[in-house]
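Below: target.cif (mmCIF, C-alpha atoms and all ligand atoms)
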```cif
data_target
#
loop_
_atom_site.group_PDB
_atom_site.id
_atom_site.type_symbol
_atom_site.label_atom_id
_atom_site.label_comp_id
_atom_site.auth_asym_id
_atom_site.auth_seq_id
_atom_site.Cartn_x
_atom_site.Cartn_y
_atom_site.Cartn_z
ATOM 1 C CA MET A 1 5.199 -19.434 -58.291
ATOM 2 C CA THR A 2 7.146 -20.489 -55.227
ATOM 3 C CA THR A 3 5.988 -20.583 -51.620
ATOM 4 C CA LEU A 4 8.447 -19.737 -48.870
ATOM 5 C CA ILE A 5 8.054 -21.206 -45.374
ATOM 6 C CA GLY A 6 10.245 -20.419 -42.369
ATOM 7 C CA LEU A 7 10.639 -22.873 -39.513
ATOM 8 C CA PHE A 8 11.560 -22.154 -35.897
ATOM 9 C CA ASP A 9 13.825 -19.137 -35.425
ATOM 10 C CA SER A 10 14.610 -19.076 -39.160
ATOM 11 C CA ASP A 11 11.181 -17.556 -39.736
ATOM 12 C CA ALA A 12 12.682 -14.035 -39.454
ATOM 13 C CA LEU A 13 15.236 -14.901 -42.144
ATOM 14 C CA ALA A 14 12.441 -16.276 -44.349
ATOM 15 C CA THR A 15 10.588 -12.969 -43.891
ATOM 16 C CA SER A 16 13.713 -11.016 -44.969
ATOM 17 C CA ILE A 17 14.102 -13.268 -48.021
ATOM 18 C CA ALA A 18 10.410 -12.819 -48.887
ATOM 19 C CA LYS A 19 10.771 -9.010 -48.639
ATOM 20 C CA LYS A 20 13.829 -8.964 -50.890
ATOM 21 C CA THR A 21 12.521 -11.408 -53.496
ATOM 22 C CA GLY A 22 8.798 -10.710 -53.481
ATOM 23 C CA MET A 23 8.130 -14.406 -52.870
ATOM 24 C CA GLU A 24 4.916 -15.382 -51.139
ATOM 25 C CA LYS A 25 5.562 -16.517 -47.555
ATOM 26 C CA MET A 26 3.188 -18.938 -45.877
ATOM 27 C CA ALA A 27 2.907 -19.176 -42.100
ATOM 28 C CA LEU A 28 3.419 -22.628 -40.639
ATOM 29 C CA ASP A 29 1.347 -23.659 -37.651
ATOM 30 C CA LEU A 30 3.680 -25.931 -35.714
ATOM 31 C CA HIS A 31 2.022 -27.226 -32.584
ATOM 32 C CA ARG A 32 3.903 -29.046 -29.869
ATOM 33 C CA PHE A 33 1.798 -31.490 -27.848
ATOM 34 C CA PRO A 34 2.479 -31.842 -24.110
ATOM 35 C CA ASP A 35 4.397 -35.067 -24.762
ATOM 36 C CA GLY A 36 6.742 -33.285 -27.184
ATOM 37 C CA GLU A 37 5.264 -34.557 -30.451
ATOM 38 C CA TRP A 38 4.759 -32.090 -33.321
ATOM 39 C CA ARG A 39 1.696 -31.404 -35.415
ATOM 40 C CA VAL A 40 2.183 -29.450 -38.640
ATOM 41 C CA ARG A 41 -0.593 -27.480 -40.292
ATOM 42 C CA LEU A 42 -0.612 -25.116 -43.273
ATOM 43 C CA PRO A 43 -3.330 -22.486 -43.615
ATOM 44 C CA GLY A 44 -3.649 -22.826 -47.414
ATOM 45 C CA THR A 45 -2.410 -24.642 -50.473
ATOM 46 C CA PRO A 46 1.253 -23.962 -51.289
ATOM 47 C CA ALA A 47 2.626 -23.534 -54.826
ATOM 48 C CA GLN A 48 4.073 -26.623 -56.498
ATOM 49 C CA GLU A 49 7.556 -25.356 -55.630
ATOM 50 C CA VAL A 50 8.339 -24.695 -51.990
ATOM 51 C CA ILE A 51 11.410 -23.259 -50.281
ATOM 52 C CA LEU A 52 11.837 -24.101 -46.600
ATOM 53 C CA VAL A 53 14.161 -21.999 -44.455
ATOM 54 C CA CYS A 54 15.348 -23.878 -41.392
ATOM 55 C CA SER A 55 18.749 -23.505 -39.794
ATOM 56 C CA LEU A 56 19.653 -26.847 -38.263
ATOM 57 C CA HIS A 57 21.398 -25.960 -35.009
ATOM 58 C CA GLN A 58 19.939 -28.097 -32.163
ATOM 59 C CA PRO A 59 18.830 -30.351 -35.015
ATOM 60 C CA ASN A 60 17.075 -33.327 -33.501
ATOM 61 C CA GLU A 61 13.614 -31.906 -32.895
ATOM 62 C CA LYS A 62 13.782 -29.715 -35.989
ATOM 63 C CA THR A 63 14.518 -32.656 -38.228
ATOM 64 C CA ILE A 64 11.330 -34.466 -37.181
ATOM 65 C CA ALA A 65 9.269 -31.302 -37.739
ATOM 66 C CA LEU A 66 10.871 -30.919 -41.167
ATOM 67 C CA PHE A 67 10.070 -34.514 -42.018
ATOM 68 C CA LEU A 68 6.415 -34.069 -41.029
ATOM 69 C CA LEU A 69 6.165 -30.826 -43.008
ATOM 70 C CA CYS A 70 7.783 -32.325 -46.117
ATOM 71 C CA SER A 71 5.386 -35.282 -45.907
ATOM 72 C CA LEU A 72 2.408 -32.896 -45.707
ATOM 73 C CA LEU A 73 3.735 -30.831 -48.622
ATOM 74 C CA ARG A 74 4.050 -33.927 -50.804
ATOM 75 C CA GLU A 75 0.471 -34.930 -49.936
ATOM 76 C CA MET A 76 -0.621 -31.420 -50.956
ATOM 77 C CA GLY A 77 0.912 -31.935 -54.410
ATOM 78 C CA VAL A 78 4.200 -30.080 -53.991
ATOM 79 C CA THR A 79 6.631 -31.352 -56.612
ATOM 80 C CA HIS A 80 9.857 -29.594 -55.617
ATOM 81 C CA ILE A 81 11.143 -28.720 -52.144
ATOM 82 C CA THR A 82 14.323 -26.719 -51.566
ATOM 83 C CA LEU A 83 15.699 -26.648 -48.042
ATOM 84 C CA ILE A 84 17.720 -23.567 -47.147
ATOM 85 C CA ALA A 85 19.602 -24.624 -44.025
ATOM 86 C CA PRO A 86 22.004 -21.716 -43.363
ATOM 87 C CA TYR A 87 23.656 -23.952 -40.743
ATOM 88 C CA LEU A 88 23.806 -27.615 -41.675
ATOM 89 C CA ALA A 89 24.029 -30.018 -38.763
ATOM 90 C CA TYR A 90 25.848 -33.312 -38.268
ATOM 91 C CA MET A 91 28.826 -32.473 -40.460
ATOM 92 C CA ARG A 92 31.569 -32.826 -37.853
ATOM 93 C CA GLN A 93 31.232 -36.577 -37.300
ATOM 94 C CA ASP A 94 32.537 -37.134 -40.807
ATOM 95 C CA ILE A 95 34.521 -40.305 -40.124
ATOM 96 C CA ALA A 96 34.530 -42.964 -37.437
ATOM 97 C CA PHE A 97 37.108 -41.434 -35.099
ATOM 98 C CA HIS A 98 37.054 -44.570 -32.936
ATOM 99 C CA PRO A 99 36.145 -48.183 -33.727
ATOM 100 C CA GLY A 100 32.382 -48.761 -33.690
ATOM 101 C CA GLU A 101 31.370 -45.101 -34.191
ATOM 102 C CA GLY A 102 28.768 -44.147 -36.801
ATOM 103 C CA VAL A 103 29.469 -41.543 -39.497
ATOM 104 C CA SER A 104 26.581 -39.182 -38.703
ATOM 105 C CA ALA A 105 27.317 -36.857 -41.639
ATOM 106 C CA ARG A 106 26.588 -39.673 -44.077
ATOM 107 C CA TYR A 107 23.465 -40.912 -42.298
ATOM 108 C CA PHE A 108 22.005 -37.424 -41.842
ATOM 109 C CA ALA A 109 22.669 -36.712 -45.528
ATOM 110 C CA ARG A 110 20.683 -39.805 -46.460
ATOM 111 C CA LEU A 111 17.791 -38.688 -44.254
ATOM 112 C CA ILE A 112 17.623 -35.130 -45.655
ATOM 113 C CA SER A 113 18.121 -36.353 -49.246
ATOM 114 C CA GLY A 114 14.991 -38.477 -48.805
ATOM 115 C CA MET A 115 12.942 -35.482 -47.631
ATOM 116 C CA VAL A 116 13.781 -32.595 -49.973
ATOM 117 C CA ASP A 117 14.875 -32.158 -53.605
ATOM 118 C CA ARG A 118 17.596 -29.565 -53.164
ATOM 119 C CA LEU A 119 19.759 -28.215 -50.344
ATOM 120 C CA VAL A 120 21.247 -24.728 -49.997
ATOM 121 C CA THR A 121 23.601 -24.086 -47.107
ATOM 122 C CA ILE A 122 26.375 -21.769 -45.952
ATOM 123 C CA ASP A 123 29.841 -22.988 -45.000
ATOM 124 C CA PRO A 124 29.016 -26.535 -43.974
ATOM 125 C CA HIS A 125 31.817 -28.170 -41.987
ATOM 126 C CA LEU A 126 33.499 -29.850 -44.952
ATOM 127 C CA HIS A 127 36.733 -31.397 -43.845
ATOM 128 C CA ARG A 128 37.222 -35.102 -44.365
ATOM 129 C CA ILE A 129 34.168 -35.087 -46.659
ATOM 130 C CA PRO A 130 35.341 -32.725 -49.425
ATOM 131 C CA ALA A 131 31.923 -31.762 -50.852
ATOM 132 C CA LEU A 132 28.286 -32.254 -49.911
ATOM 133 C CA ASP A 133 27.732 -34.177 -53.156
ATOM 134 C CA ASN A 134 29.883 -36.925 -51.682
ATOM 135 C CA VAL A 135 27.186 -37.729 -49.142
ATOM 136 C CA TYR A 136 23.969 -36.016 -50.321
ATOM 137 C CA SER A 137 22.172 -37.582 -53.274
ATOM 138 C CA ILE A 138 20.257 -34.359 -54.109
ATOM 139 C CA PRO A 139 21.675 -31.223 -55.768
ATOM 140 C CA CYS A 140 23.441 -29.082 -53.154
ATOM 141 C CA LEU A 141 24.486 -25.462 -53.307
ATOM 142 C CA THR A 142 27.263 -24.535 -50.879
ATOM 143 C CA LEU A 143 27.594 -20.808 -50.237
ATOM 144 C CA HIS A 144 30.552 -19.127 -48.558
ATOM 145 C CA ALA A 145 30.352 -16.283 -46.063
ATOM 146 C CA ALA A 146 34.075 -15.408 -46.385
ATOM 147 C CA PRO A 147 33.566 -12.441 -48.765
ATOM 148 C CA VAL A 148 30.869 -11.061 -46.448
ATOM 149 C CA LEU A 149 33.119 -11.523 -43.385
ATOM 150 C CA GLY A 150 36.060 -10.023 -45.290
ATOM 151 C CA ALA A 151 34.021 -6.958 -46.277
ATOM 152 C CA TRP A 152 32.924 -6.533 -42.662
ATOM 153 C CA LEU A 153 36.537 -6.654 -41.445
ATOM 154 C CA ARG A 154 37.708 -4.210 -44.132
ATOM 155 C CA GLU A 155 35.118 -1.738 -42.940
ATOM 156 C CA HIS A 156 35.273 -2.248 -39.172
ATOM 157 C CA LEU A 157 38.742 -3.642 -38.333
ATOM 158 C CA PRO A 158 41.049 -2.738 -41.230
ATOM 159 C CA THR A 159 44.258 -3.229 -39.195
ATOM 160 C CA ALA A 160 43.359 -6.630 -37.721
ATOM 161 C CA ALA A 161 45.500 -9.775 -37.864
ATOM 162 C CA LEU A 162 43.617 -13.064 -38.101
ATOM 163 C CA ILE A 163 44.196 -16.432 -36.435
ATOM 164 C CA GLY A 164 42.599 -19.732 -37.425
ATOM 165 C CA PRO A 165 42.743 -22.039 -34.392
ATOM 166 C CA ASP A 166 43.132 -25.350 -36.217
ATOM 167 C CA ALA A 167 43.812 -26.995 -39.565
ATOM 168 C CA GLU A 168 40.091 -27.178 -40.334
ATOM 169 C CA SER A 169 39.798 -23.406 -40.010
ATOM 170 C CA ALA A 170 42.492 -22.799 -42.661
ATOM 171 C CA GLN A 171 39.920 -22.800 -45.475
ATOM 172 C CA TRP A 172 37.853 -20.086 -43.772
ATOM 173 C CA VAL A 173 40.576 -17.870 -42.317
ATOM 174 C CA SER A 174 42.626 -17.840 -45.524
ATOM 175 C CA GLU A 175 39.619 -16.803 -47.614
ATOM 176 C CA VAL A 176 38.487 -14.165 -45.127
ATOM 177 C CA ALA A 177 42.038 -12.787 -44.866
ATOM 178 C CA GLY A 178 42.397 -12.787 -48.671
ATOM 179 C CA SER A 179 39.122 -10.985 -49.095
ATOM 180 C CA ALA A 180 39.959 -8.400 -46.400
ATOM 181 C CA GLY A 181 43.658 -8.064 -47.369
ATOM 182 C CA LEU A 182 44.804 -8.887 -43.819
ATOM 183 C CA PRO A 183 47.637 -11.088 -42.455
ATOM 184 C CA PHE A 184 46.740 -14.462 -40.946
ATOM 185 C CA THR A 185 48.172 -17.572 -39.394
ATOM 186 C CA VAL A 186 46.734 -21.024 -38.735
ATOM 187 C CA LEU A 187 47.452 -22.980 -35.534
ATOM 188 C CA SER A 188 47.193 -26.662 -34.884
ATOM 189 C CA LYS A 189 44.783 -28.207 -32.396
ATOM 190 C CA GLU A 190 44.661 -31.506 -30.606
ATOM 191 C CA ARG A 191 41.148 -32.433 -29.432
ATOM 192 C CA LEU A 192 41.230 -34.354 -26.150
ATOM 193 C CA GLY A 193 37.447 -34.475 -25.587
ATOM 194 C CA ASP A 194 34.193 -32.591 -26.241
ATOM 195 C CA ARG A 195 35.310 -29.786 -23.941
ATOM 196 C CA GLU A 196 39.073 -30.147 -23.942
ATOM 197 C CA VAL A 197 41.525 -29.061 -26.610
ATOM 198 C CA ARG A 198 45.265 -28.412 -26.715
ATOM 199 C CA ILE A 199 46.603 -25.621 -28.942
ATOM 200 C CA ALA A 200 50.113 -24.160 -28.871
ATOM 201 C CA VAL A 201 50.142 -20.450 -29.723
ATOM 202 C CA PRO A 202 53.508 -19.150 -30.985
ATOM 203 C CA ALA A 203 54.740 -15.678 -30.027
ATOM 204 C CA ILE A 204 53.129 -13.124 -32.309
ATOM 205 C CA ALA A 205 55.334 -10.115 -31.510
ATOM 206 C CA SER A 206 55.282 -8.903 -35.119
ATOM 207 C CA TRP A 207 51.537 -8.243 -34.831
ATOM 208 C CA GLN A 208 51.960 -6.040 -31.759
ATOM 209 C CA GLY A 209 49.375 -3.291 -31.706
ATOM 210 C CA ARG A 210 46.978 -4.904 -34.158
ATOM 211 C CA PRO A 211 43.591 -6.169 -32.998
ATOM 212 C CA VAL A 212 43.699 -9.958 -33.195
ATOM 213 C CA VAL A 213 40.616 -11.705 -34.583
ATOM 214 C CA LEU A 214 40.151 -15.441 -34.057
ATOM 215 C CA VAL A 215 38.284 -16.830 -37.063
ATOM 216 C CA ASP A 216 36.431 -20.147 -37.147
ATOM 217 C CA ASP A 217 33.482 -21.649 -38.979
ATOM 218 C CA MET A 218 31.617 -22.286 -35.747
ATOM 219 C CA ILE A 219 31.760 -21.832 -32.002
ATOM 220 C CA SER A 220 30.192 -24.608 -29.970
ATOM 221 C CA THR A 221 31.563 -24.871 -26.416
ATOM 222 C CA GLY A 222 33.945 -21.980 -27.104
ATOM 223 C CA ARG A 223 36.872 -24.057 -25.770
ATOM 224 C CA THR A 224 38.842 -23.881 -29.029
ATOM 225 C CA LEU A 225 38.913 -20.092 -29.112
ATOM 226 C CA MET A 226 39.322 -19.798 -25.335
ATOM 227 C CA ALA A 227 42.481 -21.931 -25.499
ATOM 228 C CA VAL A 228 43.958 -19.474 -28.011
ATOM 229 C CA ALA A 229 42.741 -16.329 -26.225
ATOM 230 C CA THR A 230 44.167 -17.386 -22.857
ATOM 231 C CA GLN A 231 47.641 -17.795 -24.367
ATOM 232 C CA LEU A 232 47.434 -14.589 -26.357
ATOM 233 C CA ARG A 233 46.496 -12.702 -23.221
ATOM 234 C CA ALA A 234 49.496 -14.246 -21.429
ATOM 235 C CA GLN A 235 51.620 -12.802 -24.267
ATOM 236 C CA GLY A 236 50.204 -9.355 -23.535
ATOM 237 C CA VAL A 237 47.740 -9.159 -26.441
ATOM 238 C CA ALA A 238 44.914 -6.979 -25.149
ATOM 239 C CA ASN A 239 42.607 -6.562 -28.137
ATOM 240 C CA ILE A 240 41.197 -10.011 -28.966
ATOM 241 C CA ARG A 241 37.935 -10.678 -30.812
ATOM 242 C CA ALA A 242 36.295 -13.697 -32.364
ATOM 243 C CA LEU A 243 34.550 -13.926 -35.705
ATOM 244 C CA CYS A 244 32.607 -16.993 -36.785
ATOM 245 C CA VAL A 245 30.000 -17.975 -39.323
ATOM 246 C CA HIS A 246 27.826 -20.115 -37.053
ATOM 247 C CA ALA A 247 27.419 -19.202 -33.366
ATOM 248 C CA LEU A 248 26.163 -22.336 -31.622
ATOM 249 C CA HIS A 249 27.349 -21.452 -28.127
ATOM 250 C CA ASP A 250 25.121 -20.754 -25.144
ATOM 251 C CA GLU A 251 25.329 -17.885 -22.664
ATOM 252 C CA ASP A 252 27.596 -19.759 -20.238
ATOM 253 C CA ALA A 253 30.102 -20.348 -23.019
ATOM 254 C CA ALA A 254 29.804 -16.692 -24.044
ATOM 255 C CA SER A 255 30.680 -15.572 -20.482
ATOM 256 C CA ARG A 256 33.595 -17.998 -20.288
ATOM 257 C CA MET A 257 34.905 -16.659 -23.594
ATOM 258 C CA VAL A 258 34.796 -13.109 -22.256
ATOM 259 C CA ALA A 259 36.628 -14.266 -19.102
ATOM 260 C CA SER A 260 39.320 -15.845 -21.297
ATOM 261 C CA GLY A 261 40.038 -12.460 -22.860
ATOM 262 C CA ILE A 262 37.823 -12.377 -25.948
ATOM 263 C CA GLY A 263 36.393 -8.860 -25.964
ATOM 264 C CA THR A 264 33.674 -9.374 -28.565
ATOM 265 C CA VAL A 265 32.267 -12.320 -30.465
ATOM 266 C CA LEU A 266 30.800 -11.520 -33.877
ATOM 267 C CA SER A 267 28.804 -13.938 -35.997
ATOM 268 C CA CYS A 268 26.628 -14.240 -39.082
ATOM 269 C CA ASN A 269 22.890 -14.677 -38.638
ATOM 270 C CA THR A 270 22.960 -18.217 -40.031
ATOM 271 C CA VAL A 271 22.037 -19.085 -36.441
ATOM 272 C CA VAL A 272 19.972 -16.556 -34.494
ATOM 273 C CA HIS A 273 22.309 -15.491 -31.679
ATOM 274 C CA GLY A 274 23.136 -12.489 -29.495
ATOM 275 C CA SER A 275 26.496 -12.175 -31.287
ATOM 276 C CA ASN A 276 24.905 -11.711 -34.750
ATOM 277 C CA ALA A 277 26.555 -8.765 -36.500
ATOM 278 C CA ILE A 278 26.666 -9.822 -40.133
ATOM 279 C CA ASP A 279 23.534 -10.406 -42.202
ATOM 280 C CA ILE A 280 23.652 -13.192 -44.797
ATOM 281 C CA THR A 281 20.228 -12.512 -46.359
ATOM 282 C CA ASP A 282 21.777 -10.947 -49.487
ATOM 283 C CA LEU A 283 24.145 -13.907 -49.903
ATOM 284 C CA LEU A 284 21.145 -16.255 -49.942
ATOM 285 C CA VAL A 285 19.053 -14.009 -52.158
ATOM 286 C CA SER A 286 21.773 -13.554 -54.779
ATOM 287 C CA ALA A 287 22.359 -17.306 -54.858
ATOM 288 C CA MET A 288 18.615 -17.879 -55.303
ATOM 289 C CA LYS A 289 18.577 -15.431 -58.224
ATOM 290 C CA THR A 290 21.474 -17.092 -60.036
ATOM 291 C CA ALA A 291 20.429 -20.695 -59.315
HETATM 292 C C1 LIG B 301 36.095 -27.904 -35.521
HETATM 293 O O1 LIG B 301 36.973 -28.252 -36.235
HETATM 294 C C2 LIG B 301 35.378 -26.617 -35.755
HETATM 295 O O2 LIG B 301 35.905 -25.928 -36.842
HETATM 296 C C3 LIG B 301 35.416 -25.734 -34.527
HETATM 297 O O3 LIG B 301 36.761 -25.345 -34.275
HETATM 298 C C4 LIG B 301 34.890 -26.455 -33.332
HETATM 299 O O4 LIG B 301 33.711 -27.134 -33.638
HETATM 300 C C5 LIG B 301 34.631 -25.472 -32.219
HETATM 301 O O5 LIG B 301 34.135 -26.197 -31.142
HETATM 302 P P1 LIG B 301 34.271 -25.657 -29.672
HETATM 303 O O6 LIG B 301 33.747 -24.246 -29.665
HETATM 304 O O7 LIG B 301 33.402 -26.610 -28.880
HETATM 305 O O8 LIG B 301 35.702 -25.727 -29.276
#
```
With the file now loaded, output its structure as structure tokens.
Ligand code: R5P
Amino acid sequence: MTTLIGLFDSDALATSIAKKTGMEKMALDLHRFPDGEWRVRLPGTPAQEVILVCSLHQPNEKTIALFLLCSLLREMGVTHITLIAPYLAYMRQDIAFHPGEGVSARYFARLISGMVDRLVTIDPHLHRIPALDNVYSIPCLTLHAAPVLGAWLREHLPTAALIGPDAESAQWVSEVAGSAGLPFTVLSKERLGDREVRIAVPAIASWQGRPVVLVDDMISTGRTLMAVATQLRAQGVANIRALCVHALHDEDAASRMVASGIGTVLSCNTVVHGSNAIDITDLLVSAMKTA
């Protein structure tokens, strides 16, 4: 027997997983005191194996709640905890970019590895760290949304041409393009600050008439995709969309992206977001069945 518990806005995803797998889902009572501290409470005794579903966007508060819950589970006799984090946080600070900076990816990995026994995630930002096993000391299962994104494009935008905005995106855009059978190109980006990037977009006359889809693993401030969209629009490209796995951006960023020329942003529900168009429940469920 396994008990499934959803945290924060991942509770809906946990409910979908429970429906598709027949697993027992337990409600978590997570109380926030006026000073911001958490109290965790479970209404019953969980099975010895527990699966937690908690996407880790806006991770700081969630991580403390997870720690408290894992501590309670251990005290209740739970022997194995799997964390399904459809979005895994703290992967972008994967080296010290400047002298004196910490490598958050490594430190966060140490923290999570001390809390749970296994990690399942979708398209973590693996770039200078080639695999999660390099930093996590627990077994990790890395799932890829590219086939799901590719299938979506084949069905909804079969004449699209894809653009990856930077070298990091090459791994995602090439797989999505391969799976959808669509042409793609990858640009190169210079990051000047949290909200400032420089990307040169070459003329894409040969794609005239095709909808252009900007593909990235995540959207945060939206600046990366806006930089591309603004230049495409200046070239006369009218039909521009964005497709990402993890939508981390807020409403202001969403409006700015529209103003830059991006007609629609589409994302997976790894992070609950207004742009969610592609459901990854089956990807998680099939991985759980084969694992
Ligand atoms: C970085 O390499 C990532 O793949 C994304 O391109 C980046 O995080 C997007 O950030 P923003 O939306 O803030 O430009």
re atom C5 of ligand LIG 301 (chain B) and atom CA of A:Thr221: distance 6.6 Å
Can I get the residues close to ligand LIG 301 (chain B) as a list in words, where close means within 7 Å and we count only C-alpha atoms and all ligand atoms?
->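 Going residue by residue within 7 Å of ligand LIG 301 (chain B), we get His125, Pro165, Asp166, Glu168, Ser169, Asp194, Arg195, Asp216, Asp217, Met218, Ile219, Ser220, Thr221, Gly222, Arg223, Thr224 and Leu225 of chain A.
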Write the residues of the selection above to a file with C-alpha atoms, as a PDB file, in the frame of the given file.
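That gives us selection_35.pdb:
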```pdb
ATOM      1  CA  HIS A 125      31.817 -28.170 -41.987  1.00  0.00           C
ATOM      2  CA  PRO A 165      42.743 -22.039 -34.392  1.00  0.00           C
ATOM      3  CA  ASP A 166      43.132 -25.350 -36.217  1.00  0.00           C
ATOM      4  CA  GLU A 168      40.091 -27.178 -40.334  1.00  0.00           C
ATOM      5  CA  SER A 169      39.798 -23.406 -40.010  1.00  0.00           C
ATOM      6  CA  ASP A 194      34.193 -32.591 -26.241  1.00  0.00           C
ATOM      7  CA  ARG A 195      35.310 -29.786 -23.941  1.00  0.00           C
ATOM      8  CA  ASP A 216      36.431 -20.147 -37.147  1.00  0.00           C
ATOM      9  CA  ASP A 217      33.482 -21.649 -38.979  1.00  0.00           C
ATOM     10  CA  MET A 218      31.617 -22.286 -35.747  1.00  0.00           C
ATOM     11  CA  ILE A 219      31.760 -21.832 -32.002  1.00  0.00           C
ATOM     12  CA  SER A 220      30.192 -24.608 -29.970  1.00  0.00           C
ATOM     13  CA  THR A 221      31.563 -24.871 -26.416  1.00  0.00           C
ATOM     14  CA  GLY A 222      33.945 -21.980 -27.104  1.00  0.00           C
ATOM     15  CA  ARG A 223      36.872 -24.057 -25.770  1.00  0.00           C
ATOM     16  CA  THR A 224      38.842 -23.881 -29.029  1.00  0.00           C
ATOM     17  CA  LEU A 225      38.913 -20.092 -29.112  1.00  0.00           C
TER      18      LEU A 225
END
```
Residues in the PyMOL selection byres (((chain A and resi 235) around 12) and not hetatm), expressed as a PyMOL selection string | chain A and resi 201-205+207-208+228-234+236-240+261
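Here, the PyMOL selection byres (((chain A and resi 81-89) around 6) and not hetatm) matches Val50, Ile51, Leu52, Val53, Cys54, Ser55, Leu56, His80, Tyr90, Met91, Val116, Asp117, Arg118, Leu119, Val120, Thr121, Ile122, Pro124 and Thr270 of chain A.
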Residues of stretch 248-275 of chain A within 9 Å of stretch 8-29 of chain A: nearest atom pair and distance (Å, one decimal) for each, counting all atoms listed in the file, sorted by chain and number, as a tab-separated table?
```
residue	atom	partner	partner_atom	distance
A:Asn269	CA	A:Leu13	CA	8.4
A:Thr270	CA	A:Ser10	CA	8.4
A:Val271	CA	A:Ser10	CA	7.9
A:Val272	CA	A:Asp9	CA	6.7
```
At what distance in Å, to one decimal, does atom CA of A:Thr142 lie from atom CA of A:Thr281?
->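 Going from atom CA of A:Thr281 over to atom CA of A:Thr142, I get 14.6 Å.
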Atom CA of A:Ser137 and atom CA of A:Glu37 are how many Å apart?
->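 It comes out at 28.6 Å.
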Using only C-alpha atoms: which of A:Leu283, A:Ile5, A:Cys70, A:Val197 has the shortest distance to A:Val148 |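 Selected residue with least distance to A:Val148: A:Leu283.
With only C-alpha atoms as the atoms that count, the minimum distance from A:Asn60 to the choices A:Lys189, A:Glu196, A:Pro34, A:Phe108 is reached by A:Phe108.
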With distances taken over only C-alpha atoms, which of A:Gly114, A:Pro59, A:Gly178, A:Pro211 is nearest to A:Leu157?
-> A:Pro211
Using all atoms listed in the file, pick whichever of A:Arg198, A:Arg191, A:Arg241, A:His144 has the shortest atom-to-atom distance to A:Ala160.
-> A:Arg241
Which one of A:Leu42, A:Cys140, A:Ile64, A:Ile262 sits closest to A:Ala287 if you count only C-alpha atoms?
->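 With only C-alpha atoms as the atom set, the closest residue is A:Cys140.
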Using all atoms listed in the file, which of the listed residues (A:Asp133, A:Glu175, A:Glu75, A:Asp94) sits closest to A:Ala151?
-> A:Glu175
Once 3 Å is added on each side, what centre and edge lengths in Å to one decimal does the axis-aligned box around all listed atoms of stretch 225-230 of chain A have, as AutoDock Vina command-line options?
```
--center_x 41.5 --center_y -19.1 --center_z -26.0 --size_x 11.3 --size_y 11.6 --size_z 12.3
```
Any chance you could work out the residue set of the PyMOL selection byres (((chain A and resi 150) around 7) and not hetatm) here, as a list in words?
-> Ala146, Pro147, Val148, Leu149, Ala151, Trp152, Leu153, Arg154, Val176, Ala177, Ser179 and Ala180 of chain A
For A:Arg128, please output as a PyMOL selection string all residues within 12 Å (counting only C-alpha atoms; exclusion window: fewer than 6 positions along the same chain).
-> chain A and resi 91-97+103+105-106+134-135+167-168
Only N, CA and C atoms, as a compact mmCIF listing (two decimals), in the first residue's frame: that is what I want for stretch 113-124 of chain A.
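Saved as result06.txt:
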```txt
# COMPACT_ATOMS: atom_id res chain seq x y z
N SER A 113 17.76 15.60 -0.52
CA SER A 113 18.24 14.22 -0.37
C SER A 113 18.19 13.76 1.08
N GLY A 114 18.25 14.71 2.01
CA GLY A 114 18.18 14.36 3.43
C GLY A 114 16.74 14.20 3.91
N MET A 115 15.77 14.60 3.08
CA MET A 115 14.37 14.57 3.51
C MET A 115 13.60 13.39 2.94
N VAL A 116 13.87 13.05 1.67
CA VAL A 116 13.08 11.99 1.01
C VAL A 116 14.03 10.92 0.48
N ASP A 117 13.42 9.78 0.04
CA ASP A 117 14.24 8.64 -0.40
C ASP A 117 14.35 8.55 -1.92
N ARG A 118 13.47 9.27 -2.60
CA ARG A 118 13.48 9.18 -4.07
C ARG A 118 12.84 10.45 -4.63
N LEU A 119 13.35 10.89 -5.78
CA LEU A 119 12.83 12.12 -6.40
C LEU A 119 12.39 11.81 -7.83
N VAL A 120 11.19 12.27 -8.19
CA VAL A 120 10.71 12.16 -9.57
C VAL A 120 10.42 13.58 -10.04
N THR A 121 10.95 13.96 -11.18
CA THR A 121 10.72 15.32 -11.65
C THR A 121 10.63 15.35 -13.18
N ILE A 122 10.17 16.48 -13.70
CA ILE A 122 10.03 16.61 -15.15
C ILE A 122 10.93 17.75 -15.64
N ASP A 123 11.74 17.45 -16.61
CA ASP A 123 12.62 18.44 -17.24
C ASP A 123 13.23 19.43 -16.25
N PRO A 124 14.05 18.93 -15.34
CA PRO A 124 14.78 19.86 -14.48
C PRO A 124 15.79 20.63 -15.34
```
